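Everything below belongs to model_3.txt, which stores compact mmCIF, N, CA and C atoms.
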```txt
# COMPACT_ATOMS: atom_id res chain seq x y z
N MET E 295 0.82 -1.19 0.00
CA MET E 295 0.00 0.00 0.00
C MET E 295 0.86 1.26 0.00
N MET E 296 1.98 1.19 0.71
CA MET E 296 2.84 2.36 0.79
C MET E 296 3.49 2.67 -0.55
N THR E 297 3.85 1.64 -1.30
CA THR E 297 4.45 1.89 -2.61
C THR E 297 3.44 2.50 -3.56
N ASP E 298 2.17 2.10 -3.44
CA ASP E 298 1.13 2.70 -4.27
C ASP E 298 0.99 4.19 -3.97
N LEU E 299 1.07 4.54 -2.70
CA LEU E 299 0.97 5.95 -2.33
C LEU E 299 2.16 6.74 -2.84
N LEU E 300 3.34 6.15 -2.77
CA LEU E 300 4.52 6.84 -3.28
C LEU E 300 4.44 7.03 -4.79
N ILE E 301 3.98 6.02 -5.49
CA ILE E 301 3.81 6.14 -6.94
C ILE E 301 2.79 7.22 -7.26
N TYR E 302 1.70 7.27 -6.50
CA TYR E 302 0.68 8.28 -6.72
C TYR E 302 1.23 9.68 -6.47
N MET E 303 2.02 9.84 -5.43
CA MET E 303 2.59 11.15 -5.14
C MET E 303 3.61 11.56 -6.20
N TYR E 304 4.42 10.61 -6.68
CA TYR E 304 5.36 10.93 -7.75
C TYR E 304 4.63 11.33 -9.02
N LEU E 305 3.53 10.66 -9.33
CA LEU E 305 2.75 11.04 -10.51
C LEU E 305 2.16 12.44 -10.35
N CYS E 306 1.72 12.77 -9.15
CA CYS E 306 1.20 14.12 -8.91
C CYS E 306 2.28 15.17 -9.12
N ILE E 307 3.48 14.89 -8.67
CA ILE E 307 4.58 15.84 -8.85
C ILE E 307 4.96 15.97 -10.32
N ILE E 308 4.95 14.88 -11.05
CA ILE E 308 5.26 14.93 -12.48
C ILE E 308 4.20 15.73 -13.22
N VAL E 309 2.93 15.51 -12.90
CA VAL E 309 1.85 16.26 -13.54
C VAL E 309 1.96 17.74 -13.20
N LEU E 310 2.32 18.05 -11.97
CA LEU E 310 2.51 19.44 -11.58
C LEU E 310 3.61 20.10 -12.40
N ASN E 311 4.72 19.42 -12.58
CA ASN E 311 5.81 19.98 -13.39
C ASN E 311 5.39 20.18 -14.83
N LEU E 312 4.66 19.23 -15.38
CA LEU E 312 4.20 19.38 -16.76
C LEU E 312 3.23 20.54 -16.91
N MET E 313 2.37 20.73 -15.92
CA MET E 313 1.41 21.83 -16.00
C MET E 313 2.11 23.18 -15.86
N ILE E 314 3.13 23.25 -15.02
CA ILE E 314 3.84 24.52 -14.85
C ILE E 314 4.55 24.91 -16.14
N PHE E 315 5.15 23.97 -16.83
CA PHE E 315 5.88 24.29 -18.04
C PHE E 315 4.99 24.39 -19.27
N THR E 316 3.73 23.96 -19.18
CA THR E 316 2.82 24.03 -20.32
C THR E 316 2.03 25.33 -20.32
N TYR E 317 1.43 25.66 -19.21
CA TYR E 317 0.57 26.84 -19.15
C TYR E 317 1.39 28.09 -18.88
N LYS E 318 0.93 29.20 -19.43
CA LYS E 318 1.66 30.45 -19.27
C LYS E 318 0.89 31.47 -18.45
N PHE E 319 -0.27 31.12 -17.92
CA PHE E 319 -1.02 32.03 -17.08
C PHE E 319 -0.86 31.62 -15.63
N MET E 320 -0.59 32.59 -14.79
CA MET E 320 -0.27 32.32 -13.39
C MET E 320 -1.45 31.71 -12.65
N LEU E 321 -2.67 32.16 -12.93
CA LEU E 321 -3.84 31.66 -12.22
C LEU E 321 -4.08 30.18 -12.51
N VAL E 322 -3.86 29.76 -13.74
CA VAL E 322 -4.03 28.35 -14.10
C VAL E 322 -2.98 27.49 -13.39
N VAL E 323 -1.76 28.00 -13.32
CA VAL E 323 -0.71 27.26 -12.62
C VAL E 323 -1.04 27.13 -11.14
N LEU E 324 -1.55 28.20 -10.53
CA LEU E 324 -1.93 28.13 -9.12
C LEU E 324 -3.07 27.14 -8.89
N MET E 325 -4.02 27.09 -9.81
CA MET E 325 -5.12 26.12 -9.66
C MET E 325 -4.61 24.69 -9.79
N MET E 326 -3.67 24.45 -10.69
CA MET E 326 -3.11 23.11 -10.83
C MET E 326 -2.33 22.70 -9.58
N ILE E 327 -1.59 23.65 -9.01
CA ILE E 327 -0.85 23.35 -7.78
C ILE E 327 -1.82 23.01 -6.66
N GLU E 328 -2.92 23.74 -6.56
CA GLU E 328 -3.90 23.46 -5.52
C GLU E 328 -4.56 22.10 -5.71
N LEU E 329 -4.81 21.70 -6.95
CA LEU E 329 -5.38 20.38 -7.19
C LEU E 329 -4.43 19.27 -6.76
N VAL E 330 -3.16 19.43 -7.07
CA VAL E 330 -2.18 18.42 -6.67
C VAL E 330 -2.07 18.37 -5.16
N ILE E 331 -2.07 19.52 -4.51
CA ILE E 331 -1.95 19.54 -3.05
C ILE E 331 -3.20 18.95 -2.40
N LEU E 332 -4.36 19.17 -2.97
CA LEU E 332 -5.57 18.55 -2.43
C LEU E 332 -5.53 17.03 -2.58
N ASN E 333 -4.99 16.55 -3.69
CA ASN E 333 -4.84 15.10 -3.84
C ASN E 333 -3.87 14.53 -2.81
N ILE E 334 -2.78 15.23 -2.59
CA ILE E 334 -1.83 14.77 -1.57
C ILE E 334 -2.45 14.81 -0.19
N SER E 335 -3.27 15.81 0.08
CA SER E 335 -3.92 15.88 1.40
C SER E 335 -4.92 14.75 1.60
N MET E 336 -5.59 14.32 0.53
CA MET E 336 -6.49 13.17 0.65
C MET E 336 -5.71 11.90 0.97
N VAL E 337 -4.57 11.73 0.32
CA VAL E 337 -3.74 10.56 0.60
C VAL E 337 -3.22 10.61 2.03
N MET E 338 -2.80 11.80 2.47
CA MET E 338 -2.33 11.94 3.85
C MET E 338 -3.44 11.65 4.84
N PHE E 339 -4.66 12.09 4.54
CA PHE E 339 -5.77 11.83 5.44
C PHE E 339 -6.04 10.33 5.55
N LEU E 340 -5.99 9.64 4.42
CA LEU E 340 -6.23 8.19 4.45
C LEU E 340 -5.14 7.46 5.24
N VAL E 341 -3.90 7.87 5.05
CA VAL E 341 -2.81 7.21 5.77
C VAL E 341 -2.86 7.54 7.25
N PHE E 342 -3.09 8.81 7.58
CA PHE E 342 -3.11 9.21 8.99
C PHE E 342 -4.34 8.71 9.72
N SER E 343 -5.43 8.49 9.01
CA SER E 343 -6.61 7.95 9.69
C SER E 343 -6.41 6.49 10.07
N LEU E 344 -5.58 5.78 9.31
CA LEU E 344 -5.26 4.40 9.68
C LEU E 344 -4.41 4.34 10.95
N MET E 345 -3.62 5.39 11.17
CA MET E 345 -2.74 5.42 12.34
C MET E 345 -3.30 6.28 13.48
N ASN E 346 -4.53 6.75 13.33
CA ASN E 346 -5.18 7.61 14.33
C ASN E 346 -4.39 8.90 14.58
N LEU E 347 -3.93 9.52 13.53
CA LEU E 347 -3.17 10.77 13.62
C LEU E 347 -3.82 11.87 12.78
N GLU E 348 -5.12 12.07 12.94
CA GLU E 348 -5.82 13.04 12.12
C GLU E 348 -5.41 14.48 12.42
N LEU E 349 -4.80 14.70 13.57
CA LEU E 349 -4.39 16.05 13.95
C LEU E 349 -3.33 16.60 12.99
N PHE E 350 -2.46 15.74 12.48
CA PHE E 350 -1.44 16.19 11.54
C PHE E 350 -2.04 16.61 10.21
N THR E 351 -3.18 16.04 9.86
CA THR E 351 -3.87 16.47 8.65
C THR E 351 -4.38 17.90 8.80
N ILE E 352 -4.85 18.25 9.99
CA ILE E 352 -5.30 19.62 10.25
C ILE E 352 -4.12 20.58 10.13
N TYR E 353 -2.97 20.20 10.66
CA TYR E 353 -1.77 21.03 10.52
C TYR E 353 -1.41 21.22 9.06
N TYR E 354 -1.50 20.16 8.29
CA TYR E 354 -1.18 20.25 6.87
C TYR E 354 -2.16 21.17 6.15
N LEU E 355 -3.43 21.10 6.50
CA LEU E 355 -4.41 21.98 5.87
C LEU E 355 -4.18 23.44 6.23
N ILE E 356 -3.69 23.70 7.43
CA ILE E 356 -3.35 25.08 7.81
C ILE E 356 -2.21 25.59 6.93
N PHE E 357 -1.18 24.77 6.71
CA PHE E 357 -0.09 25.18 5.83
C PHE E 357 -0.57 25.31 4.39
N LEU E 358 -1.54 24.52 3.99
CA LEU E 358 -2.12 24.61 2.65
C LEU E 358 -2.78 25.95 2.45
N VAL E 359 -3.50 26.44 3.44
CA VAL E 359 -4.16 27.74 3.34
C VAL E 359 -3.11 28.85 3.27
N CYS E 360 -2.06 28.74 4.07
CA CYS E 360 -0.98 29.74 4.03
C CYS E 360 -0.30 29.75 2.66
N GLU E 361 -0.10 28.58 2.09
CA GLU E 361 0.54 28.49 0.78
C GLU E 361 -0.33 29.10 -0.31
N SER E 362 -1.62 28.86 -0.25
CA SER E 362 -2.50 29.42 -1.28
C SER E 362 -2.61 30.93 -1.13
N THR E 363 -2.55 31.44 0.09
CA THR E 363 -2.57 32.88 0.30
C THR E 363 -1.30 33.53 -0.26
N LEU E 364 -0.17 32.90 -0.04
CA LEU E 364 1.07 33.42 -0.61
C LEU E 364 1.05 33.38 -2.14
N GLY E 365 0.45 32.34 -2.70
CA GLY E 365 0.34 32.25 -4.16
C GLY E 365 -0.52 33.35 -4.73
N LEU E 366 -1.64 33.64 -4.07
CA LEU E 366 -2.50 34.72 -4.55
C LEU E 366 -1.85 36.08 -4.39
N SER E 367 -1.09 36.27 -3.31
CA SER E 367 -0.39 37.55 -3.15
C SER E 367 0.70 37.70 -4.21
N LEU E 368 1.36 36.60 -4.57
CA LEU E 368 2.34 36.64 -5.66
C LEU E 368 1.66 36.98 -6.98
N LEU E 369 0.46 36.45 -7.20
CA LEU E 369 -0.30 36.78 -8.40
C LEU E 369 -0.63 38.26 -8.45
N VAL E 370 -1.03 38.84 -7.32
CA VAL E 370 -1.34 40.27 -7.27
C VAL E 370 -0.10 41.11 -7.56
N VAL E 371 1.04 40.71 -7.01
CA VAL E 371 2.28 41.45 -7.25
C VAL E 371 2.67 41.39 -8.72
N ILE E 372 2.55 40.22 -9.33
CA ILE E 372 2.91 40.08 -10.74
C ILE E 372 1.98 40.91 -11.61
N VAL E 373 0.68 40.92 -11.30
CA VAL E 373 -0.27 41.71 -12.09
C VAL E 373 0.00 43.20 -11.91
N ARG E 374 0.35 43.62 -10.72
CA ARG E 374 0.62 45.05 -10.49
C ARG E 374 1.87 45.51 -11.22
N PHE E 375 2.91 44.68 -11.26
CA PHE E 375 4.15 45.11 -11.89
C PHE E 375 4.14 44.94 -13.40
N SER E 376 3.55 43.88 -13.89
CA SER E 376 3.62 43.64 -15.33
C SER E 376 2.35 43.99 -16.07
N GLY E 377 1.22 44.09 -15.40
CA GLY E 377 -0.02 44.48 -16.06
C GLY E 377 -0.89 43.31 -16.48
N ASN E 378 -0.35 42.12 -16.53
CA ASN E 378 -1.14 40.93 -16.84
C ASN E 378 -0.55 39.74 -16.11
N GLU E 379 -1.23 38.61 -16.20
CA GLU E 379 -0.75 37.42 -15.50
C GLU E 379 -0.02 36.46 -16.43
N LEU E 380 0.21 36.87 -17.66
CA LEU E 380 0.96 36.05 -18.60
C LEU E 380 2.43 36.09 -18.21
N PHE E 381 3.02 34.96 -18.03
CA PHE E 381 4.43 34.93 -17.66
C PHE E 381 5.14 33.87 -18.47
N TYR E 382 6.42 34.03 -18.55
CA TYR E 382 7.26 33.04 -19.19
C TYR E 382 8.07 32.37 -18.09
N THR E 383 8.12 31.07 -18.10
CA THR E 383 8.68 30.30 -17.00
C THR E 383 10.13 30.68 -16.72
N PHE E 384 10.90 30.89 -17.75
CA PHE E 384 12.32 31.16 -17.55
C PHE E 384 12.59 32.64 -17.33
N ASN E 385 11.59 33.49 -17.48
CA ASN E 385 11.75 34.93 -17.30
C ASN E 385 11.16 35.39 -15.98
N LEU E 386 10.85 34.48 -15.08
CA LEU E 386 10.21 34.81 -13.82
C LEU E 386 11.21 35.23 -12.75
N MET E 387 12.50 35.17 -13.04
CA MET E 387 13.51 35.47 -12.03
C MET E 387 13.60 36.96 -11.70
N LYS E 388 12.99 37.83 -12.49
CA LYS E 388 13.10 39.26 -12.22
C LYS E 388 12.26 39.68 -11.02
N PHE E 389 11.39 38.82 -10.52
CA PHE E 389 10.59 39.17 -9.35
C PHE E 389 11.31 38.71 -8.14
```
Represent the structure of the file as structure tokens.
Amino acid sequence: MMTDLLIYMYLCIIVLNLMIFTYKFMLVVLMMIELVILNISMVMFLVFSLMNLELFTIYYLIFLVCESTLGLSLLVVIVRFSGNELFYTFNLMKF
């Protein structure tokens, strides 16, 4: 069961990398990241519920909210400085 979870998490990371390099709009990339993180949180909930450690899932969800808030604030900064949310992956270092 643990190897299946690791394979699932590796696939989520690979899909995340493909989505980041495919799409050029920041909002779409943020939505894809949130979908991958929600999938990982479901896997964590299933694993932690077997071990009676649901409290760690709550901690993870708190960090998930903080991460999404930082992503949206980064989106606002990019829109304010450049005027749109279109970005080029290799040209993002100027921020």
Between CA of Met303 in chain E and CA of Leu369 in chain E, what distance in Å does the model show, to one decimal? 26.0 Å
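The gap separating CA of Cys306 in chain E from atom C of Met338 in chain E is 14.7 Å, in Å to one decimal.
Atom to atom, CA of Asn378 in chain E and atom C of Ile327 in chain E stand 20.6 Å apart.
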As number ranges by chain, list the residues of chain E assigned to alpha helix (DSSP H) by DSSP on the backbone atoms of this structure. E: 296-316, 320-344, 348-376
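Compared by their closest atoms to Val370 in chain E, and using only C-alpha atoms, the residues E:Leu321, E:Tyr353, E:Ser335, E:Val341 rank with E:Leu321 nearest.
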Compare E:Cys360, E:Phe375, E:Gly365, E:Tyr354 by their minimum atom-to-atom distance to Val337 in chain E, counting only C-alpha atoms, and give me the closest one. E:Tyr354
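Minimum atom-to-atom distance to Glu348 in chain E, evaluated using only C-alpha atoms, belongs to E:Met336 out of E:Met336, E:Leu312, E:Val330, E:Val323.
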Axis-aligned box for all listed atoms of range 321-329 of chain E, 4 Å per side, centre and edges in Å to one decimal, as JSON:
```
{"center_x": -3.0, "center_y": 25.7, "center_z": -9.8, "size_x": 12.7, "size_y": 20.9, "size_z": 16.6}
```
Will you give me range 301-388 of chain E, written with C-alpha atoms and laid out as a CSV table (one decimal), in the first residue's frame?
```
chain,number,residue,atom,x,y,z
E,301,ILE,CA,3.8,6.1,-6.9
E,302,TYR,CA,0.7,8.3,-6.7
E,303,MET,CA,2.6,11.2,-5.1
E,304,TYR,CA,5.4,10.9,-7.8
E,305,LEU,CA,2.7,11.0,-10.5
E,306,CYS,CA,1.2,14.1,-8.9
E,307,ILE,CA,4.6,15.8,-8.8
E,308,ILE,CA,5.3,14.9,-12.5
E,309,VAL,CA,1.8,16.3,-13.5
E,310,LEU,CA,2.5,19.4,-11.6
E,311,ASN,CA,5.8,20.0,-13.4
E,312,LEU,CA,4.2,19.4,-16.8
E,313,MET,CA,1.4,21.8,-16.0
E,314,ILE,CA,3.8,24.5,-14.9
E,315,PHE,CA,5.9,24.3,-18.0
E,316,THR,CA,2.8,24.0,-20.3
E,317,TYR,CA,0.6,26.8,-19.2
E,318,LYS,CA,1.7,30.4,-19.3
E,319,PHE,CA,-1.0,32.0,-17.1
E,320,MET,CA,-0.3,32.3,-13.4
E,321,LEU,CA,-3.8,31.7,-12.2
E,322,VAL,CA,-4.0,28.4,-14.1
E,323,VAL,CA,-0.7,27.3,-12.6
E,324,LEU,CA,-1.9,28.1,-9.1
E,325,MET,CA,-5.1,26.1,-9.7
E,326,MET,CA,-3.1,23.1,-10.8
E,327,ILE,CA,-0.9,23.4,-7.8
E,328,GLU,CA,-3.9,23.5,-5.5
E,329,LEU,CA,-5.4,20.4,-7.2
E,330,VAL,CA,-2.2,18.4,-6.7
E,331,ILE,CA,-2.0,19.5,-3.1
E,332,LEU,CA,-5.6,18.5,-2.4
E,333,ASN,CA,-4.8,15.1,-3.8
E,334,ILE,CA,-1.8,14.8,-1.6
E,335,SER,CA,-3.9,15.9,1.4
E,336,MET,CA,-6.5,13.2,0.7
E,337,VAL,CA,-3.7,10.6,0.6
E,338,MET,CA,-2.3,11.9,3.8
E,339,PHE,CA,-5.8,11.8,5.4
E,340,LEU,CA,-6.2,8.2,4.5
E,341,VAL,CA,-2.8,7.2,5.8
E,342,PHE,CA,-3.1,9.2,9.0
E,343,SER,CA,-6.6,8.0,9.7
E,344,LEU,CA,-5.3,4.4,9.7
E,345,MET,CA,-2.7,5.4,12.3
E,346,ASN,CA,-5.2,7.6,14.3
E,347,LEU,CA,-3.2,10.8,13.6
E,348,GLU,CA,-5.8,13.0,12.1
E,349,LEU,CA,-4.4,16.0,13.9
E,350,PHE,CA,-1.4,16.2,11.5
E,351,THR,CA,-3.9,16.5,8.6
E,352,ILE,CA,-5.3,19.6,10.2
E,353,TYR,CA,-1.8,21.0,10.5
E,354,TYR,CA,-1.2,20.2,6.9
E,355,LEU,CA,-4.4,22.0,5.9
E,356,ILE,CA,-3.3,25.1,7.8
E,357,PHE,CA,-0.1,25.2,5.8
E,358,LEU,CA,-2.1,24.6,2.7
E,359,VAL,CA,-4.2,27.7,3.3
E,360,CYS,CA,-1.0,29.7,4.0
E,361,GLU,CA,0.5,28.5,0.8
E,362,SER,CA,-2.5,29.4,-1.3
E,363,THR,CA,-2.6,32.9,0.3
E,364,LEU,CA,1.1,33.4,-0.6
E,365,GLY,CA,0.3,32.3,-4.2
E,366,LEU,CA,-2.5,34.7,-4.6
E,367,SER,CA,-0.4,37.5,-3.2
E,368,LEU,CA,2.3,36.6,-5.7
E,369,LEU,CA,-0.3,36.8,-8.4
E,370,VAL,CA,-1.3,40.3,-7.3
E,371,VAL,CA,2.3,41.5,-7.2
E,372,ILE,CA,2.9,40.1,-10.7
E,373,VAL,CA,-0.3,41.7,-12.1
E,374,ARG,CA,0.6,45.0,-10.5
E,375,PHE,CA,4.2,45.1,-11.9
E,376,SER,CA,3.6,43.6,-15.3
E,377,GLY,CA,0.0,44.5,-16.1
E,378,ASN,CA,-1.1,40.9,-16.8
E,379,GLU,CA,-0.7,37.4,-15.5
E,380,LEU,CA,1.0,36.0,-18.6
E,381,PHE,CA,4.4,34.9,-17.7
E,382,TYR,CA,7.3,33.0,-19.2
E,383,THR,CA,8.7,30.3,-17.0
E,384,PHE,CA,12.3,31.2,-17.5
E,385,ASN,CA,11.8,34.9,-17.3
E,386,LEU,CA,10.2,34.8,-13.8
E,387,MET,CA,13.5,35.5,-12.0
E,388,LYS,CA,13.1,39.3,-12.2
```
